[in-house]
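Participant: My structure is in structure.tsv, and what it holds is TSV, C-alpha atoms and all ligand atoms:
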chain	number	residue	atom	x	y	z
A	1	MET	CA	52.92	3.79	4.72
A	2	ILE	CA	52.53	4.99	8.32
A	3	THR	CA	52.93	1.39	9.54
A	4	ALA	CA	56.17	1.02	7.57
A	5	LEU	CA	57.54	4.29	8.92
A	6	TRP	CA	56.65	3.24	12.46
A	7	PHE	CA	58.47	-0.08	11.93
A	8	VAL	CA	61.59	1.70	10.66
A	9	LEU	CA	61.47	4.08	13.63
A	10	ARG	CA	61.18	1.22	16.12
A	11	LEU	CA	64.03	-0.65	14.44
A	12	ALA	CA	66.18	2.49	14.65
A	13	ILE	CA	65.44	2.94	18.37
A	14	PHE	CA	66.20	-0.75	19.07
A	15	THR	CA	69.46	-0.62	17.10
A	16	ALA	CA	70.50	2.59	18.86
A	17	ALA	CA	69.80	0.97	22.26
A	18	VAL	CA	71.83	-2.17	21.38
A	19	ILE	CA	74.78	-0.08	20.12
A	20	TRP	CA	74.59	2.10	23.20
A	21	PHE	CA	74.70	-0.96	25.52
A	22	LEU	CA	77.54	-2.61	23.55
A	23	GLN	CA	79.62	0.54	23.72
A	24	ASP	CA	79.04	0.94	27.41
A	25	PRO	CA	78.04	-2.49	28.93
A	26	GLY	CA	78.37	-1.26	32.55
A	27	ALA	CA	78.32	-3.58	35.57
A	28	LEU	CA	75.55	-4.75	37.89
A	29	THR	CA	75.95	-6.50	41.22
A	30	ILE	CA	72.96	-8.12	42.90
A	31	LEU	CA	73.26	-9.20	46.56
A	32	TRP	CA	70.49	-11.32	47.90
A	33	ARG	CA	70.49	-13.71	50.95
A	34	GLY	CA	74.20	-14.26	50.74
A	35	TYR	CA	74.24	-14.81	46.97
A	36	GLN	CA	76.14	-12.42	44.81
A	37	ILE	CA	75.39	-12.12	41.09
A	38	GLU	CA	77.77	-10.18	38.89
A	39	THR	CA	76.57	-9.26	35.44
A	40	SER	CA	76.55	-6.47	32.85
A	41	VAL	CA	73.66	-4.04	32.60
A	42	ALA	CA	73.20	-5.08	28.94
A	43	PHE	CA	72.69	-8.73	29.90
A	44	PHE	CA	70.29	-7.80	32.66
A	45	VAL	CA	68.16	-5.69	30.33
A	46	LEU	CA	68.11	-8.52	27.77
A	47	ALA	CA	67.14	-11.09	30.42
A	48	PHE	CA	64.38	-8.81	31.69
A	49	ALA	CA	63.02	-8.36	28.15
A	50	VAL	CA	62.97	-12.15	27.59
A	51	PHE	CA	61.19	-12.58	30.90
A	52	LEU	CA	58.53	-10.03	29.94
A	53	LEU	CA	57.99	-11.74	26.60
A	54	LEU	CA	57.57	-15.15	28.22
A	55	TRP	CA	55.24	-13.72	30.82
A	56	THR	CA	53.01	-12.17	28.12
A	57	TRP	CA	52.81	-15.47	26.20
A	58	MET	CA	51.98	-17.42	29.30
A	59	HIS	CA	49.32	-14.92	30.27
A	60	ARG	CA	47.75	-15.19	26.83
A	61	PHE	CA	47.80	-18.97	26.96
A	62	PHE	CA	46.24	-18.95	30.43
A	63	LEU	CA	43.45	-16.60	29.29
A	64	ALA	CA	42.74	-18.75	26.21
A	65	VAL	CA	42.39	-21.85	28.44
A	66	VAL	CA	40.12	-20.06	30.91
A	67	ARG	CA	37.96	-18.53	28.15
A	68	PHE	CA	37.77	-21.68	26.05
A	69	PRO	CA	34.12	-22.55	26.90
A	70	GLN	CA	33.08	-18.95	26.35
A	71	THR	CA	34.82	-18.83	22.97
A	72	MET	CA	33.19	-22.07	21.93
A	73	ARG	CA	29.79	-20.75	22.94
A	74	ARG	CA	30.36	-17.61	20.89
A	75	LEU	CA	31.39	-19.59	17.85
A	76	ARG	CA	28.40	-21.87	18.22
A	77	ALA	CA	26.07	-18.86	18.50
A	78	GLN	CA	27.63	-17.32	15.43
A	79	ARG	CA	27.18	-20.52	13.46
A	80	ALA	CA	23.57	-20.83	14.69
A	81	LEU	CA	22.95	-17.26	13.58
A	82	GLU	CA	24.36	-17.95	10.13
A	83	ARG	CA	22.37	-21.16	9.76
A	84	GLY	CA	19.30	-19.41	11.18
A	85	TYR	CA	19.42	-16.65	8.60
A	86	LYS	CA	19.97	-19.19	5.86
A	87	SER	CA	16.92	-21.19	6.93
A	88	LEU	CA	14.93	-17.93	7.36
A	89	THR	CA	15.72	-17.05	3.76
A	90	SER	CA	14.80	-20.49	2.43
A	91	GLY	CA	11.58	-20.30	4.49
A	92	PHE	CA	10.52	-17.03	2.84
A	93	VAL	CA	11.47	-18.44	-0.56
A	94	ALA	CA	9.23	-21.45	0.17
A	95	ILE	CA	6.39	-19.07	1.21
A	96	ALA	CA	6.76	-17.10	-2.02
A	97	ALA	CA	6.67	-20.36	-3.97
A	98	GLY	CA	3.60	-21.52	-2.02
A	99	ASP	CA	5.45	-24.63	-0.80
A	100	GLY	CA	3.73	-25.35	2.53
A	101	PRO	CA	5.77	-28.34	3.80
A	102	ALA	CA	9.13	-26.67	3.00
A	103	ALA	CA	7.98	-23.46	4.70
A	104	ARG	CA	6.89	-25.41	7.80
A	105	LYS	CA	10.24	-27.23	7.99
A	106	ALA	CA	12.26	-24.02	7.56
A	107	SER	CA	10.08	-22.30	10.14
A	108	ALA	CA	10.75	-25.05	12.73
A	109	THR	CA	14.51	-24.95	12.06
A	110	THR	CA	14.63	-21.16	12.30
A	111	GLN	CA	12.62	-21.24	15.52
A	112	LYS	CA	15.32	-23.47	17.05
A	113	LEU	CA	18.27	-21.45	15.78
A	114	ILE	CA	17.17	-17.82	16.16
A	115	PRO	CA	14.00	-17.77	18.26
A	116	ASP	CA	14.14	-14.12	19.40
A	117	VAL	CA	14.13	-12.46	15.98
A	118	PRO	CA	10.79	-10.91	14.90
A	119	LEU	CA	11.35	-12.21	11.37
A	120	THR	CA	11.29	-15.77	12.75
A	121	LEU	CA	7.85	-15.01	14.17
A	122	LEU	CA	6.78	-13.61	10.81
A	123	LEU	CA	7.98	-16.75	9.02
A	124	SER	CA	6.05	-19.00	11.43
A	125	ALA	CA	2.94	-16.85	11.03
A	126	GLN	CA	3.20	-16.85	7.24
A	127	SER	CA	3.74	-20.59	7.22
A	128	ALA	CA	0.64	-21.11	9.38
A	129	HIS	CA	-1.28	-18.75	7.06
A	130	LEU	CA	-0.14	-20.79	4.04
A	131	ASP	CA	-1.22	-24.02	5.77
A	132	GLY	CA	-4.65	-22.53	6.43
A	133	ASP	CA	-4.11	-22.74	10.20
A	134	ALA	CA	-5.94	-19.47	10.85
A	135	PRO	CA	-5.98	-19.49	14.70
A	136	ARG	CA	-2.20	-20.13	14.89
A	137	ALA	CA	-1.48	-17.52	12.20
A	138	ARG	CA	-3.64	-14.98	14.02
A	139	ARG	CA	-1.90	-15.69	17.35
A	140	LEU	CA	1.56	-15.31	15.80
A	141	PHE	CA	0.66	-12.14	13.91
A	142	THR	CA	-0.73	-10.72	17.14
A	143	ASP	CA	2.56	-11.59	18.89
A	144	LEU	CA	4.37	-9.60	16.20
A	145	LEU	CA	2.47	-6.47	17.28
A	146	ASP	CA	4.63	-6.40	20.44
A	147	HIS	CA	7.78	-5.82	18.37
A	148	GLU	CA	8.08	-2.12	17.69
A	149	GLU	CA	9.84	-2.45	14.33
A	150	ALA	CA	7.82	-5.43	13.08
A	151	SER	CA	4.34	-4.54	14.34
A	152	PHE	CA	3.36	-3.25	10.91
A	153	LEU	CA	4.03	-6.71	9.45
A	154	GLY	CA	1.84	-8.20	12.17
A	155	LEU	CA	-1.00	-5.85	11.27
A	156	ARG	CA	-0.59	-6.69	7.62
A	157	GLY	CA	-0.78	-10.40	8.34
A	158	LEU	CA	-3.87	-10.01	10.54
A	159	LEU	CA	-5.46	-7.95	7.77
A	160	ALA	CA	-4.88	-10.69	5.22
A	161	GLU	CA	-6.54	-13.15	7.63
A	162	LYS	CA	-9.57	-10.87	8.11
A	163	LEU	CA	-9.95	-10.35	4.38
A	164	LYS	CA	-9.70	-14.08	3.77
A	165	ASP	CA	-12.61	-14.49	6.20
A	166	GLY	CA	-14.53	-11.74	4.37
A	167	ASP	CA	-14.59	-9.64	7.56
A	168	THR	CA	-14.43	-6.18	5.98
A	169	ALA	CA	-15.40	-4.33	9.16
A	170	GLY	CA	-12.67	-6.08	11.17
A	171	ALA	CA	-10.16	-5.47	8.39
A	172	LEU	CA	-11.05	-1.76	8.37
A	173	VAL	CA	-10.36	-1.45	12.11
A	174	LEU	CA	-6.88	-2.96	11.56
A	175	MET	CA	-6.28	-0.87	8.46
A	176	ARG	CA	-6.93	2.31	10.44
A	177	GLN	CA	-4.36	1.13	13.00
A	178	ALA	CA	-1.91	0.56	10.17
A	179	GLU	CA	-2.69	4.06	8.93
A	180	GLU	CA	-1.73	5.51	12.33
A	181	LYS	CA	1.63	3.77	12.10
A	182	GLN	CA	2.38	4.49	8.44
A	183	PRO	CA	0.01	7.20	7.17
A	184	LYS	CA	1.86	7.77	3.90
A	185	ARG	CA	2.37	4.18	2.79
A	186	ARG	CA	0.78	3.68	-0.62
A	187	TRP	CA	-0.28	0.17	0.32
A	188	VAL	CA	-2.07	1.54	3.40
A	189	LEU	CA	-3.82	4.35	1.52
A	190	ARG	CA	-4.99	2.17	-1.36
A	191	ASN	CA	-6.41	-0.57	0.86
A	192	LEU	CA	-7.87	1.90	3.34
A	193	MET	CA	-9.76	3.57	0.48
A	194	ASP	CA	-10.97	0.23	-0.77
A	195	LEU	CA	-12.23	-0.80	2.68
A	196	GLU	CA	-13.89	2.56	3.42
A	197	LEU	CA	-15.73	2.25	0.08
A	198	ARG	CA	-16.78	-1.31	0.81
A	199	GLN	CA	-18.11	-0.19	4.17
A	200	LYS	CA	-19.88	2.73	2.45
A	201	ASN	CA	-18.07	5.33	4.58
A	202	TRP	CA	-18.41	7.99	1.87
A	203	GLU	CA	-17.32	10.92	4.03
A	204	ARG	CA	-14.07	9.20	5.05
A	205	ALA	CA	-13.48	8.13	1.45
A	206	LEU	CA	-13.85	11.77	0.37
A	207	LEU	CA	-11.16	12.77	2.88
A	208	LEU	CA	-8.87	10.08	1.47
A	209	VAL	CA	-9.11	11.23	-2.16
A	210	PRO	CA	-6.63	14.15	-1.84
A	211	ARG	CA	-4.22	11.92	0.09
A	212	LEU	CA	-4.33	9.26	-2.63
A	213	LYS	CA	-3.79	11.97	-5.20
A	214	LYS	CA	-0.79	13.31	-3.30
A	215	ALA	CA	0.66	9.80	-3.03
A	216	GLY	CA	0.37	9.43	-6.81
A	217	LEU	CA	-2.28	6.71	-6.55
A	218	LEU	CA	-4.99	8.77	-8.25
A	219	GLN	CA	-4.37	11.11	-11.15
A	220	ALA	CA	-6.09	14.50	-11.05
A	221	GLU	CA	-8.80	13.39	-13.50
A	222	LYS	CA	-9.50	10.18	-11.66
A	223	ALA	CA	-9.52	11.98	-8.30
A	224	ALA	CA	-12.20	14.39	-9.57
A	225	SER	CA	-14.19	11.45	-10.92
A	226	TYR	CA	-13.98	9.68	-7.54
A	227	LYS	CA	-15.09	12.81	-5.68
A	228	THR	CA	-18.01	13.36	-8.05
A	229	ALA	CA	-19.12	9.75	-7.68
A	230	LEU	CA	-18.86	10.06	-3.90
A	231	TYR	CA	-20.98	13.24	-3.83
A	232	LEU	CA	-23.54	11.58	-6.09
A	233	VAL	CA	-23.81	8.49	-3.90
A	234	GLN	CA	-24.24	10.76	-0.87
A	235	GLY	CA	-26.97	12.57	-2.76
A	236	GLN	CA	-28.70	9.30	-3.62
A	237	GLU	CA	-28.59	8.14	0.00
A	238	ALA	CA	-29.91	11.46	1.32
A	239	ALA	CA	-32.72	11.34	-1.25
A	240	ARG	CA	-33.62	7.83	-0.15
A	241	ALA	CA	-33.70	9.08	3.44
A	242	LYS	CA	-36.05	11.86	2.23
A	243	ASP	CA	-33.50	14.52	3.26
A	244	ILE	CA	-33.96	16.59	0.09
A	245	PRO	CA	-31.84	19.64	1.12
A	246	ALA	CA	-28.88	17.38	1.93
A	247	ALA	CA	-29.41	15.45	-1.32
A	248	ASN	CA	-29.45	18.67	-3.34
A	249	ARG	CA	-26.32	19.98	-1.62
A	250	ALA	CA	-24.42	16.79	-2.43
A	251	ILE	CA	-25.65	16.64	-6.03
A	252	TYR	CA	-24.75	20.29	-6.58
A	253	LYS	CA	-21.21	19.63	-5.30
A	254	ALA	CA	-20.89	16.80	-7.83
A	255	TYR	CA	-22.26	18.97	-10.65
A	256	ARG	CA	-20.01	21.91	-9.79
A	257	LEU	CA	-16.95	19.65	-9.76
A	258	LEU	CA	-17.62	17.90	-13.10
A	259	PRO	CA	-20.47	19.69	-14.93
A	260	ASP	CA	-19.77	17.68	-18.11
A	261	PHE	CA	-20.10	14.34	-16.34
A	262	VAL	CA	-23.46	13.09	-17.61
A	263	PRO	CA	-24.75	11.48	-14.37
A	264	ALA	CA	-23.93	14.67	-12.41
A	265	ALA	CA	-25.68	16.93	-14.95
A	266	VAL	CA	-28.67	14.57	-15.12
A	267	ALA	CA	-28.96	14.38	-11.31
A	268	TRP	CA	-28.67	18.17	-10.93
A	269	ALA	CA	-31.22	18.86	-13.67
A	270	ARG	CA	-33.65	16.39	-12.09
A	271	ALA	CA	-33.12	17.97	-8.66
A	272	LEU	CA	-33.87	21.42	-10.11
A	273	LEU	CA	-36.94	20.06	-11.84
A	274	ALA	CA	-38.17	18.44	-8.62
A	275	ALA	CA	-37.70	21.78	-6.84
A	276	GLY	CA	-39.86	23.45	-9.51
A	277	ASN	CA	-36.90	25.38	-10.92
A	278	ARG	CA	-37.70	24.61	-14.57
A	279	ASN	CA	-35.68	27.42	-16.12
A	280	ASN	CA	-32.46	26.42	-14.47
A	281	ALA	CA	-33.14	22.74	-15.19
A	282	GLU	CA	-33.54	23.60	-18.86
A	283	LYS	CA	-30.36	25.69	-18.83
A	284	THR	CA	-28.41	22.90	-17.11
A	285	ILE	CA	-29.54	20.35	-19.68
A	286	MET	CA	-28.71	22.60	-22.61
A	287	GLN	CA	-25.23	23.31	-21.26
A	288	ALA	CA	-24.67	19.61	-20.62
A	289	TYR	CA	-25.83	18.73	-24.12
A	290	VAL	CA	-23.45	21.22	-25.70
A	291	ALA	CA	-20.59	19.67	-23.75
A	292	GLN	CA	-21.69	16.06	-24.12
A	293	PRO	CA	-24.62	15.07	-26.36
A	294	HIS	CA	-25.72	11.98	-24.49
A	295	PRO	CA	-28.97	9.97	-24.77
A	296	GLN	CA	-29.62	10.34	-21.05
A	297	ILE	CA	-29.37	14.11	-21.31
A	298	ILE	CA	-31.98	13.90	-24.07
A	299	SER	CA	-34.10	11.69	-21.81
A	300	VAL	CA	-34.20	14.37	-19.05
A	301	TRP	CA	-34.95	16.96	-21.71
A	302	MET	CA	-38.02	14.97	-22.79
A	303	ASP	CA	-39.15	14.75	-19.16
A	304	LEU	CA	-38.93	18.53	-18.99
A	305	TYR	CA	-41.32	18.75	-21.91
A	306	ARG	CA	-43.76	16.35	-20.31
A	307	ASP	CA	-43.76	18.34	-17.09
A	308	ALA	CA	-44.17	21.65	-18.89
A	309	LYS	CA	-47.29	20.58	-20.72
A	310	GLY	CA	-48.59	18.29	-17.98
A	311	VAL	CA	-48.91	15.53	-20.55
A	312	ASN	CA	-46.66	12.78	-21.79
A	313	ALA	CA	-44.68	14.09	-24.74
A	314	TYR	CA	-44.69	10.64	-26.29
A	315	ASP	CA	-48.45	10.94	-26.78
A	316	ARG	CA	-47.92	13.60	-29.40
A	317	PRO	CA	-45.15	12.56	-31.76
A	318	ALA	CA	-45.04	15.81	-33.69
A	319	ALA	CA	-44.71	17.96	-30.57
A	320	GLN	CA	-42.18	15.56	-29.10
A	321	LYS	CA	-40.06	15.76	-32.24
A	322	LYS	CA	-40.13	19.54	-32.22
A	323	TRP	CA	-39.05	19.68	-28.58
A	324	ALA	CA	-36.22	17.18	-29.19
A	325	GLU	CA	-35.03	19.14	-32.22
A	326	LYS	CA	-34.64	22.25	-30.09
A	327	LEU	CA	-31.95	20.42	-28.16
A	328	ALA	CA	-30.42	18.72	-31.21
A	329	ARG	CA	-29.83	22.04	-32.91
A	330	LEU	CA	-27.37	22.99	-30.15
A	331	ARG	CA	-24.94	20.39	-31.59
A	332	PRO	CA	-26.28	19.76	-35.10
A	333	ASP	CA	-23.18	17.87	-36.28
A	334	HIS	CA	-23.06	15.34	-33.47
A	335	GLN	CA	-24.31	11.84	-34.25
A	336	GLU	CA	-26.86	11.88	-31.40
A	337	SER	CA	-28.32	15.12	-32.80
A	338	ARG	CA	-28.39	13.71	-36.33
A	339	LYS	CA	-30.32	10.71	-35.05
A	340	ILE	CA	-32.92	13.03	-33.49
A	341	LEU	CA	-33.17	15.25	-36.57
A	342	GLN	CA	-33.42	12.24	-38.92
A	343	GLY	CA	-35.77	10.32	-36.65
A	344	VAL	CA	-33.35	7.37	-36.29
A	345	PRO	CA	-33.84	5.34	-33.08
A	346	ALA	CA	-30.96	5.70	-30.63
A	347	GLN	CA	-28.56	2.78	-30.45
A	348	SER	CA	-29.01	1.00	-27.17
A	349	GLN	CA	-26.10	1.66	-24.90
A	350	PHE	CA	-25.85	1.07	-21.21
A	351	TRP	CA	-23.74	1.90	-18.19
A	352	VAL	CA	-21.45	-1.11	-18.10
A	353	CYS	CA	-19.36	-2.06	-15.07
A	354	GLN	CA	-15.72	-2.33	-16.11
A	355	ASN	CA	-15.13	-4.90	-13.41
A	356	CYS	CA	-17.93	-7.44	-13.95
A	357	HIS	CA	-19.50	-6.14	-17.23
A	358	ASP	CA	-22.94	-5.82	-15.62
A	359	ALA	CA	-25.10	-3.47	-17.74
A	360	GLN	CA	-27.53	-0.96	-16.23
A	361	HIS	CA	-29.81	1.70	-17.74
A	362	ASP	CA	-28.82	4.24	-15.08
A	363	TRP	CA	-25.39	5.16	-13.83
A	364	THR	CA	-24.74	3.84	-10.32
A	365	PRO	CA	-21.74	4.78	-8.16
A	366	VAL	CA	-21.56	1.26	-6.69
A	367	CYS	CA	-21.99	-1.71	-9.05
A	368	ALA	CA	-25.10	-3.65	-8.02
A	369	ARG	CA	-23.46	-6.93	-8.97
A	370	CYS	CA	-19.79	-6.80	-7.89
A	371	GLN	CA	-20.05	-3.88	-5.43
A	372	GLU	CA	-17.06	-2.11	-7.01
A	373	PHE	CA	-17.03	1.68	-6.76
A	374	ASN	CA	-17.12	4.07	-9.74
A	375	THR	CA	-16.68	1.44	-12.45
A	376	SER	CA	-19.60	2.32	-14.78
A	377	VAL	CA	-18.84	3.43	-18.32
A	378	TRP	CA	-21.33	4.30	-21.07
A	379	GLN	CA	-20.99	1.74	-23.83
A	380	ALA	CA	-22.73	-0.98	-25.79
A	381	PRO	CA	-23.01	-3.99	-23.46
A	382	PHE	CA	-22.08	-6.54	-26.13
A	383	ALA	CA	-18.66	-5.11	-26.79
A	384	THR	CA	-16.13	-7.72	-27.86
A	385	ALA	CA	-13.92	-9.26	-25.26
A	386	SER	CA	-10.83	-7.61	-26.71
A	387	SER	CA	-12.28	-4.09	-26.56
A	388	LEU	CA	-13.30	-4.73	-22.96
A	389	ALA	CA	-9.84	-5.96	-22.10
A	390	ALA	CA	-8.43	-2.71	-23.48
A	391	LEU	CA	-10.43	-0.69	-20.98
A	392	PRO	CA	-8.60	0.15	-17.77
A	393	LEU	CA	-9.94	-1.65	-14.74
A	394	VAL	CA	-10.47	0.51	-11.72
A	395	ASP	CA	-8.01	-0.39	-9.03
A	396	ALA	CA	-8.43	-4.12	-9.45
A	397	GLU	CA	-5.19	-4.55	-7.51
A	398	TRP	CA	-5.90	-5.95	-4.10
A	399	ILE	CA	-3.91	-7.00	-1.05
A	400	GLY	CA	-1.55	-9.81	-1.99
A	401	PRO	CA	0.14	-12.27	0.32
A	402	PRO	CA	1.98	-10.10	2.82
A	403	VAL	CA	5.75	-10.39	2.58
B	501	ZN	ZN	-19.57	-4.76	-11.39
Please re-express this file's structure in structure tokens.
Facilitator:
Amino acid sequence: MITALWFVLRLAIFTAAVIWFLQDPGALTILWRGYQIETSVAFFVLAFAVFLLLWTWMHRFFLAVVRFPQTMRRLRAQRALERGYKSLTSGFVAIAAGDGPAARKASATTQKLIPDVPLTLLLSAQSAHLDGDAPRARRLFTDLLDHEEASFLGLRGLLAEKLKDGDTAGALVLMRQAEEKQPKRRWVLRNLMDLELRQKNWERALLLVPRLKKAGLLQAEKAASYKTALYLVQGQEAARAKDIPAANRAIYKAYRLLPDFVPAAVAWARALLAAGNRNNAEKTIMQAYVAQPHPQIISVWMDLYRDAKGVNAYDRPAAQKKWAEKLARLRPDHQESRKILQGVPAQSQFWVCQNCHDAQHDWTPVCARCQEFNTSVWQAPFATASSLAALPLVDAEWIGPPV
């Protein structure tokens, strides 16, 4: 609209000027070196305008000729850029498809076309990683660290290499660097937690729990379960190191956090018993049984009896039964209680790892077989495959190929 108005305005001015000159052509005399040129002002203005127009065209033509090589270079660079990005894309597609030779070819082409782009470096590194050329991949990923915006990708690639080599300690060092760069990334938090657990850095893992919770990676219930398991493993380690006060402190923290969690209640009752605090041990067991009638709670209860009388309760069946019934009456309707009251032997259940299905009599924070953390669940070990599949695996998700 504005352009059209402007055109109309210009046309009006031009027309007005032409009319004005036609009405009053005037006369112009030029004297130069003995020549005399007589003409009208209108003609002179017209001739001058034509001259200006010609001059502009010639100037443009001259510039185009002078800048021709430069223009060609720019066009070539533009085409190289377009082809480079196309080959970069096909390279990453080949990586995702696991097609090594295609990735290698695309990587070489991209390297020629757009060598200074960090993504080109990433493609080459990924291609080397796919080919199993670890030293080259490592070198290229390390080069990526120099690029401010792509250094995170470099770290991620180096991490994948370390994990492939089974170097957990080295991977943890890199993961902590990644954490400094991107402390809120879910990928960083999840893998950092996994590595800290693998390296048995319980204190650091404890500090990570609230951060994972905040990032939505652990629900409140799961976060409490993780913390309890971490306190319990600290308690176990302190006990092994004969540091009983530290062990008791850690176990108490676990018990206070989840008093109904059977392993926490069992550990706290046993700690009280070891400290000679029989009354509180008894009270702890009774409370735990009310909340969760569990065979292992009953087992600690029977140990209490043995300690009280200084003899093994199992030596005197009648006395043993009476002592067991005292506990059973707290939850008379529960199936475990009914078994005690009716003298039915308890069905054998175990703590079964939800990752590798290893069965253990006692709850352990770290699976003895697969080393996974906090995966034990109380169940019959010969559960059918389908019922096992229905159980949620604990954070089985692990670092995939970095993209
Ligand atoms: Zn396991």
Participant: Collect all residues with atoms no farther than 8 Å from ligand ZN 501 (chain B), counting only C-alpha atoms and all ligand atoms, and output them as a list in words.
Facilitator: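 Every residue with an atom at most 8 Å from ligand ZN 501 (chain B) is listed here: Val352, Cys353, Gln354, Asn355, Cys356, His357, Asp358, Val366, Cys367, Ala368, Arg369, Cys370, Gln371, Glu372, Thr375 and Ser376 of chain A.
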Participant: Enter the distance from CA of Lys214 (chain A) to CA of Glu149 (chain A), in Å, rounded to one decimal.
Facilitator: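 For CA of Lys214 (chain A) relative to CA of Glu149 (chain A), the distance reads 25.9 Å.
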Participant: A:Gln234, A:Ser127, A:Gln23, A:Thr71: which is nearest Ala97 (chain A), counting only C-alpha atoms?
Facilitator: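 That would be A:Ser127, the residue with the smallest distance to Ala97 (chain A).
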Participant: So that I can see what lies close to region 324-329 of chain A, please list as number ranges by chain the residues with an atom at most 8 Å from it, counting all atoms listed in the file and leaving out residues fewer than 6 positions away in the same chain.
Facilitator: A: 286, 289, 298, 301-302, 336-338, 340-341
Participant: Can you tell me, as a list of chain:residue names, what residues are no more than 8 Å from region 161-176 of chain A when counting all atoms listed in the file, ignoring any on the same chain fewer than 4 positions away?
Facilitator: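 Near region 161-176 of chain A, the qualifying residues are A:His129, A:Ala134, A:Arg138, A:Leu155, A:Gly157, A:Glu180, A:Val188, A:Asn191, A:Leu192, A:Leu195, A:Glu196, A:Arg198, A:Gln199.
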Participant: Grab the CA of Phe21 (chain A) to CA of Ala42 (chain A) distance for me, in Å with one decimal place.
Facilitator: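 Straight-line distance from CA of Phe21 (chain A) to CA of Ala42 (chain A) works out to 5.6 Å.
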Participant: Of the candidates A:Gln296, A:Gln335, A:Thr56, A:Gln379, which shows the shortest atom-to-atom distance to Asp362 (chain A), using all atoms listed in the file?
Facilitator: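 The answer is A:Gln296, which sits nearest to Asp362 (chain A).
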Participant: Suppose you want the space between CA of Ala229 (chain A) and CA of Arg156 (chain A); what is it in Å?
Facilitator: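 We find that CA of Ala229 (chain A) and CA of Arg156 (chain A) lie 29.1 Å from each other.
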Participant: Pick from A:Gly343, A:Pro263, A:Pro135, A:Gly84: nearest to His294 (chain A), with only C-alpha atoms counted?
Facilitator: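 Answer, going by the shortest atom-to-atom distance: A:Pro263.
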Participant: Using all atoms listed in the file, can you list as a list in words the residues within 7 Å of (-36.2, 22.4, -19.8)?
Facilitator: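 Every residue inside that radius is included here: Arg278, Asn279, Ala281, Glu282, Lys283, Ile285, Trp301, Leu304 and Tyr305 of chain A.
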Participant: So which residues touch Glu203 (chain A) within 9 Å, counting all atoms listed in the file, skipping near sequence neighbours fewer than 4 positions away, as a PyMOL selection string?
Facilitator: chain A and resi 207-208+230-231+234
Participant: Which polymer residues have any atom within 7 Å of an atom of Pro365 (chain A), counting only C-alpha atoms, with same-chain residues fewer than 6 positions away left out, as a list in words?
Facilitator: Ala229, Val233, Phe373 and Asn374 of chain A
Participant: Go ahead and save the picked residues with C-alpha atoms, as a short mmCIF file (atom, residue, chain, number, x, y, z; two decimals), in the frame of the given file.
Facilitator:
data_model
loop_
_atom_site.label_atom_id
_atom_site.label_comp_id
_atom_site.auth_asym_id
_atom_site.auth_seq_id
_atom_site.Cartn_x
_atom_site.Cartn_y
_atom_site.Cartn_z
CA ALA A 229 -19.12 9.75 -7.68
CA VAL A 233 -23.81 8.49 -3.90
CA PHE A 373 -17.03 1.68 -6.76
CA ASN A 374 -17.12 4.07 -9.74
#
Participant: Select, from A:Gln78, A:Gln36, A:Ser90, A:Gln292, the residue with the minimum atom-to-atom distance to Ser107 (chain A), counting all atoms listed in the file.
Facilitator: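 Of the candidates, the smallest distance to Ser107 (chain A) is held by A:Ser90.
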